[in-house]
Amino acid sequence: MTTEHPGDRDTGLARLVRSLDLLWGRTGRDRPARGPKPGLTLTGIVAAAVALADREGLAALSMRRLAGELGVGTMSLYRYVPGKDELVALMVDHVETPPDELDLRRGRTWRETLELMAEQTWELYTTHSWLIQVNQARPVLGPHSMAGLDFALAALEGLPLSGQEKIGVLVGLDNLVLGAARSHVLHQQAAQQTGVSDEEFWRTQEPYMVRGIQEGGLHRLAALPEDSFATDAVTTMRFAVRALLDGYQRLVEERLPAGGDGWAEGGMDG
């Protein structure tokens, strides 16, 4: 058990320690700290919290609301998890379960693996859109999160990149996909929140835009083909990922000796 000073119980550092203890099993993840034989498990509580957040967003999640979903008293949940901050940390690690390594990597180049990881990251952020609201500038790393990072590093193993550069590759890729996913999610929410469809939104703006182009001498905008903005979010994300990986691949190829060792084009057997 973690020793805490009573005055530290509600500090950010204390919440961090409690989250880490729960994530890494030091408090017995599926057992309450006290009381009779439980009818709940921490794993089940976290799964229910994820389902609620997926359905209604992170703002709808509270210990009281979650208890109602599970049909138990709120105090029953506090026997497993002390608060929402710790619960969210568990939820993030729950949804970041890494894929099966061998099935994903077998026969793929490092670039193909990163492209597939980008697709899965997009799926993660758009399926669990509440993740976008979680501040992960300083992520609370649990076993799933760290296993996912280790898997990602395996795709770069043997490349002529420093440790900092490998992390930079992964962070850059995640930032790109996160930004694209955030725009996609906000786009969907805008229609729901305003009750104005995309067609109505742009049709209303069109005469103002045309006048602005004509009166403002915006020749570059005027010269764009009519279908320039007619692309979906996934296509835009994939285009950006390919361009980013083009740059990484050029860096790798420049650093390989003449004749290379096959890492730029060759596959990985896992």
# chains A, B, ... in the order shown; residues from 1 in each chain; ligands from 1
>>> residues_around(residues="Ala147 in chain A", least_positions_apart="3", cutoff="12 Å", atoms="only C-alpha atoms", output="VMD selection string")
chain A and resid 93 to 94 96 to 101 141 to 144 150 to 154
>>> write_last_selection(atoms="C-alpha atoms", output="compact mmCIF listing (two decimals), in the first residue's frame")
# COMPACT_ATOMS: atom_id res chain seq x y z
CA ASP A 93 -5.12 2.51 -20.38
CA HIS A 94 -8.11 0.21 -20.91
CA GLU A 96 -5.08 1.58 -25.39
CA THR A 97 -4.71 -2.19 -25.39
CA PRO A 98 -1.97 -2.89 -27.96
CA PRO A 99 -2.73 -5.08 -30.97
CA ASP A 100 -1.36 -8.57 -31.40
CA GLU A 101 2.27 -7.96 -32.27
CA LEU A 141 1.40 5.37 -18.26
CA GLY A 142 -0.13 2.02 -17.39
CA PRO A 143 0.75 -1.48 -18.62
CA HIS A 144 -1.26 -1.25 -21.85
CA ASP A 150 7.20 -0.81 -26.81
CA PHE A 151 5.39 -2.30 -29.80
CA ALA A 152 5.71 0.97 -31.71
CA LEU A 153 9.43 1.11 -30.98
CA ALA A 154 9.78 -2.45 -32.31
>>> residues_around(residues="range 250-254 of chain A", least_positions_apart="2", cutoff="8 Å", atoms="only C-alpha atoms", output="PyMOL selection string")
chain A and resi 159-161+246-248+256-257+264
>>> select_by_dssp(residues="range 43-201 of chain A", states="alpha helix (DSSP H)", output="PDB file with C-alpha atoms, in the first residue's frame")
ATOM      1  CA  THR A  43     -12.216  -4.146 -14.688  1.00  0.00           C
ATOM      2  CA  GLY A  44     -15.999  -4.174 -15.029  1.00  0.00           C
ATOM      3  CA  ILE A  45     -16.293  -0.691 -13.552  1.00  0.00           C
ATOM      4  CA  VAL A  46     -13.749   0.691 -16.006  1.00  0.00           C
ATOM      5  CA  ALA A  47     -15.439  -1.019 -18.960  1.00  0.00           C
ATOM      6  CA  ALA A  48     -18.791   0.481 -17.923  1.00  0.00           C
ATOM      7  CA  ALA A  49     -17.196   3.923 -17.593  1.00  0.00           C
ATOM      8  CA  VAL A  50     -15.729   3.622 -21.098  1.00  0.00           C
ATOM      9  CA  ALA A  51     -19.117   2.621 -22.508  1.00  0.00           C
ATOM     10  CA  LEU A  52     -20.776   5.605 -20.821  1.00  0.00           C
ATOM     11  CA  ALA A  53     -18.134   8.052 -22.074  1.00  0.00           C
ATOM     12  CA  ASP A  54     -18.318   6.577 -25.588  1.00  0.00           C
ATOM     13  CA  ARG A  55     -22.061   7.103 -25.590  1.00  0.00           C
ATOM     14  CA  GLU A  56     -22.418  10.478 -23.884  1.00  0.00           C
ATOM     15  CA  MET A  63     -19.062   8.493  -9.961  1.00  0.00           C
ATOM     16  CA  ARG A  64     -22.752   8.962  -9.155  1.00  0.00           C
ATOM     17  CA  ARG A  65     -23.840   8.482 -12.777  1.00  0.00           C
ATOM     18  CA  LEU A  66     -21.615   5.441 -13.194  1.00  0.00           C
ATOM     19  CA  ALA A  67     -22.990   3.898 -10.010  1.00  0.00           C
ATOM     20  CA  GLY A  68     -26.489   4.340 -11.414  1.00  0.00           C
ATOM     21  CA  GLU A  69     -25.439   2.615 -14.648  1.00  0.00           C
ATOM     22  CA  LEU A  70     -24.121  -0.309 -12.628  1.00  0.00           C
ATOM     23  CA  THR A  74     -21.965   5.448  -5.251  1.00  0.00           C
ATOM     24  CA  MET A  75     -19.962   4.484  -2.175  1.00  0.00           C
ATOM     25  CA  SER A  76     -19.583   0.966  -3.608  1.00  0.00           C
ATOM     26  CA  LEU A  77     -17.446   2.411  -6.422  1.00  0.00           C
ATOM     27  CA  TYR A  78     -15.178   4.271  -4.017  1.00  0.00           C
ATOM     28  CA  LYS A  84     -12.881  10.467 -11.392  1.00  0.00           C
ATOM     29  CA  ASP A  85      -9.242  11.398 -12.075  1.00  0.00           C
ATOM     30  CA  GLU A  86      -8.062   7.908 -11.212  1.00  0.00           C
ATOM     31  CA  LEU A  87     -10.981   6.398 -13.138  1.00  0.00           C
ATOM     32  CA  VAL A  88     -10.098   8.320 -16.298  1.00  0.00           C
ATOM     33  CA  ALA A  89      -6.476   7.151 -16.058  1.00  0.00           C
ATOM     34  CA  LEU A  90      -7.736   3.567 -15.905  1.00  0.00           C
ATOM     35  CA  MET A  91     -10.098   4.190 -18.839  1.00  0.00           C
ATOM     36  CA  VAL A  92      -7.299   5.533 -21.042  1.00  0.00           C
ATOM     37  CA  ASP A  93      -5.118   2.511 -20.379  1.00  0.00           C
ATOM     38  CA  HIS A  94      -8.110   0.208 -20.912  1.00  0.00           C
ATOM     39  CA  VAL A  95      -8.766   1.437 -24.472  1.00  0.00           C
ATOM     40  CA  GLU A 101       2.272  -7.956 -32.271  1.00  0.00           C
ATOM     41  CA  LEU A 102       3.052 -10.879 -34.542  1.00  0.00           C
ATOM     42  CA  ASP A 103      -0.098 -10.599 -36.622  1.00  0.00           C
ATOM     43  CA  LEU A 104       0.451  -6.886 -37.109  1.00  0.00           C
ATOM     44  CA  ARG A 105       4.171  -6.883 -37.879  1.00  0.00           C
ATOM     45  CA  TRP A 110       8.670  -0.284 -40.732  1.00  0.00           C
ATOM     46  CA  ARG A 111       6.743   2.205 -42.836  1.00  0.00           C
ATOM     47  CA  GLU A 112       3.811  -0.140 -43.439  1.00  0.00           C
ATOM     48  CA  THR A 113       3.667  -0.830 -39.722  1.00  0.00           C
ATOM     49  CA  LEU A 114       3.518   2.892 -38.918  1.00  0.00           C
ATOM     50  CA  GLU A 115       0.822   3.409 -41.552  1.00  0.00           C
ATOM     51  CA  LEU A 116      -1.259   0.680 -39.947  1.00  0.00           C
ATOM     52  CA  MET A 117      -0.624   2.155 -36.504  1.00  0.00           C
ATOM     53  CA  ALA A 118      -1.876   5.513 -37.796  1.00  0.00           C
ATOM     54  CA  GLU A 119      -5.087   3.838 -38.966  1.00  0.00           C
ATOM     55  CA  GLN A 120      -5.562   2.206 -35.570  1.00  0.00           C
ATOM     56  CA  THR A 121      -4.840   5.479 -33.772  1.00  0.00           C
ATOM     57  CA  TRP A 122      -7.485   7.186 -35.910  1.00  0.00           C
ATOM     58  CA  GLU A 123      -9.932   4.431 -35.012  1.00  0.00           C
ATOM     59  CA  LEU A 124      -9.060   4.809 -31.323  1.00  0.00           C
ATOM     60  CA  TYR A 125      -9.646   8.563 -31.229  1.00  0.00           C
ATOM     61  CA  THR A 126     -12.807   8.528 -33.324  1.00  0.00           C
ATOM     62  CA  THR A 127     -14.370   5.516 -31.582  1.00  0.00           C
ATOM     63  CA  PRO A 143       0.754  -1.477 -18.617  1.00  0.00           C
ATOM     64  CA  HIS A 144      -1.262  -1.246 -21.847  1.00  0.00           C
ATOM     65  CA  SER A 145       0.090   2.179 -22.727  1.00  0.00           C
ATOM     66  CA  MET A 146       3.681   1.106 -22.156  1.00  0.00           C
ATOM     67  CA  ALA A 147       3.201  -2.141 -24.079  1.00  0.00           C
ATOM     68  CA  GLY A 148       1.824  -0.110 -26.986  1.00  0.00           C
ATOM     69  CA  LEU A 149       4.862   2.169 -26.894  1.00  0.00           C
ATOM     70  CA  ASP A 150       7.204  -0.809 -26.810  1.00  0.00           C
ATOM     71  CA  PHE A 151       5.389  -2.298 -29.798  1.00  0.00           C
ATOM     72  CA  ALA A 152       5.706   0.968 -31.708  1.00  0.00           C
ATOM     73  CA  LEU A 153       9.433   1.108 -30.975  1.00  0.00           C
ATOM     74  CA  ALA A 154       9.785  -2.445 -32.306  1.00  0.00           C
ATOM     75  CA  ALA A 155       8.698  -1.145 -35.718  1.00  0.00           C
ATOM     76  CA  GLY A 163      16.348   7.248 -29.224  1.00  0.00           C
ATOM     77  CA  GLN A 164      15.131  10.846 -29.242  1.00  0.00           C
ATOM     78  CA  GLU A 165      14.443  10.640 -32.967  1.00  0.00           C
ATOM     79  CA  LYS A 166      12.473   7.409 -32.613  1.00  0.00           C
ATOM     80  CA  ILE A 167      10.286   8.996 -29.955  1.00  0.00           C
ATOM     81  CA  GLY A 168      10.003  12.064 -32.190  1.00  0.00           C
ATOM     82  CA  VAL A 169       8.756   9.903 -35.068  1.00  0.00           C
ATOM     83  CA  LEU A 170       6.067   8.329 -32.897  1.00  0.00           C
ATOM     84  CA  VAL A 171       5.015  11.583 -31.229  1.00  0.00           C
ATOM     85  CA  GLY A 172       4.874  13.366 -34.582  1.00  0.00           C
ATOM     86  CA  LEU A 173       2.702  10.629 -36.062  1.00  0.00           C
ATOM     87  CA  ASP A 174       0.368  10.591 -33.062  1.00  0.00           C
ATOM     88  CA  ASN A 175       0.090  14.395 -33.040  1.00  0.00           C
ATOM     89  CA  LEU A 176      -0.859  14.407 -36.706  1.00  0.00           C
ATOM     90  CA  VAL A 177      -3.560  11.755 -36.320  1.00  0.00           C
ATOM     91  CA  LEU A 178      -4.838  13.314 -33.091  1.00  0.00           C
ATOM     92  CA  GLY A 179      -5.202  16.696 -34.779  1.00  0.00           C
ATOM     93  CA  ALA A 180      -7.057  15.172 -37.712  1.00  0.00           C
ATOM     94  CA  ALA A 181      -9.306  13.160 -35.408  1.00  0.00           C
ATOM     95  CA  ARG A 182     -10.063  16.220 -33.263  1.00  0.00           C
ATOM     96  CA  SER A 183     -11.145  18.177 -36.349  1.00  0.00           C
ATOM     97  CA  HIS A 184     -13.318  15.249 -37.468  1.00  0.00           C
ATOM     98  CA  VAL A 185     -14.974  14.859 -34.073  1.00  0.00           C
ATOM     99  CA  LEU A 186     -15.589  18.606 -33.714  1.00  0.00           C
ATOM    100  CA  HIS A 187     -17.055  18.649 -37.212  1.00  0.00           C
ATOM    101  CA  GLN A 188     -19.524  15.938 -36.240  1.00  0.00           C
ATOM    102  CA  GLN A 189     -20.375  17.678 -32.977  1.00  0.00           C
ATOM    103  CA  ALA A 190     -21.002  20.990 -34.732  1.00  0.00           C
ATOM    104  CA  ALA A 191     -23.880  19.569 -36.755  1.00  0.00           C
ATOM    105  CA  GLN A 192     -25.355  17.875 -33.668  1.00  0.00           C
ATOM    106  CA  GLN A 193     -25.051  20.929 -31.424  1.00  0.00           C
ATOM    107  CA  THR A 194     -26.333  23.530 -33.905  1.00  0.00           C
ATOM    108  CA  ASP A 198     -23.094  20.837 -43.586  1.00  0.00           C
ATOM    109  CA  GLU A 199     -25.064  21.556 -46.746  1.00  0.00           C
ATOM    110  CA  GLU A 200     -27.057  24.337 -45.049  1.00  0.00           C
ATOM    111  CA  PHE A 201     -23.947  25.750 -43.384  1.00  0.00           C
TER     112      PHE A 201
END
>>> closest_residue(among="A:Val210, A:Val140, A:Met237, A:Leu245", to="Trp24 in chain A", atoms="only C-alpha atoms")
A:Val140
>>> decode(residues="range 134-157 of chain A", atoms="C-alpha atoms", output="compact mmCIF listing (two decimals), in the first residue's frame")
# COMPACT_ATOMS: atom_id res chain seq x y z
CA VAL A 134 -8.12 14.04 -21.80
CA ASN A 135 -4.99 16.12 -21.24
CA GLN A 136 -2.18 13.71 -22.07
CA ALA A 137 0.62 16.23 -22.20
CA ARG A 138 1.93 14.28 -19.19
CA PRO A 139 0.38 10.85 -19.74
CA VAL A 140 -0.20 8.49 -16.84
CA LEU A 141 1.40 5.37 -18.26
CA GLY A 142 -0.13 2.02 -17.39
CA PRO A 143 0.75 -1.48 -18.62
CA HIS A 144 -1.26 -1.25 -21.85
CA SER A 145 0.09 2.18 -22.73
CA MET A 146 3.68 1.11 -22.16
CA ALA A 147 3.20 -2.14 -24.08
CA GLY A 148 1.82 -0.11 -26.99
CA LEU A 149 4.86 2.17 -26.89
CA ASP A 150 7.20 -0.81 -26.81
CA PHE A 151 5.39 -2.30 -29.80
CA ALA A 152 5.71 0.97 -31.71
CA LEU A 153 9.43 1.11 -30.98
CA ALA A 154 9.78 -2.45 -32.31
CA ALA A 155 8.70 -1.14 -35.72
CA LEU A 156 11.69 1.23 -35.69
CA GLU A 157 14.20 -1.27 -34.34
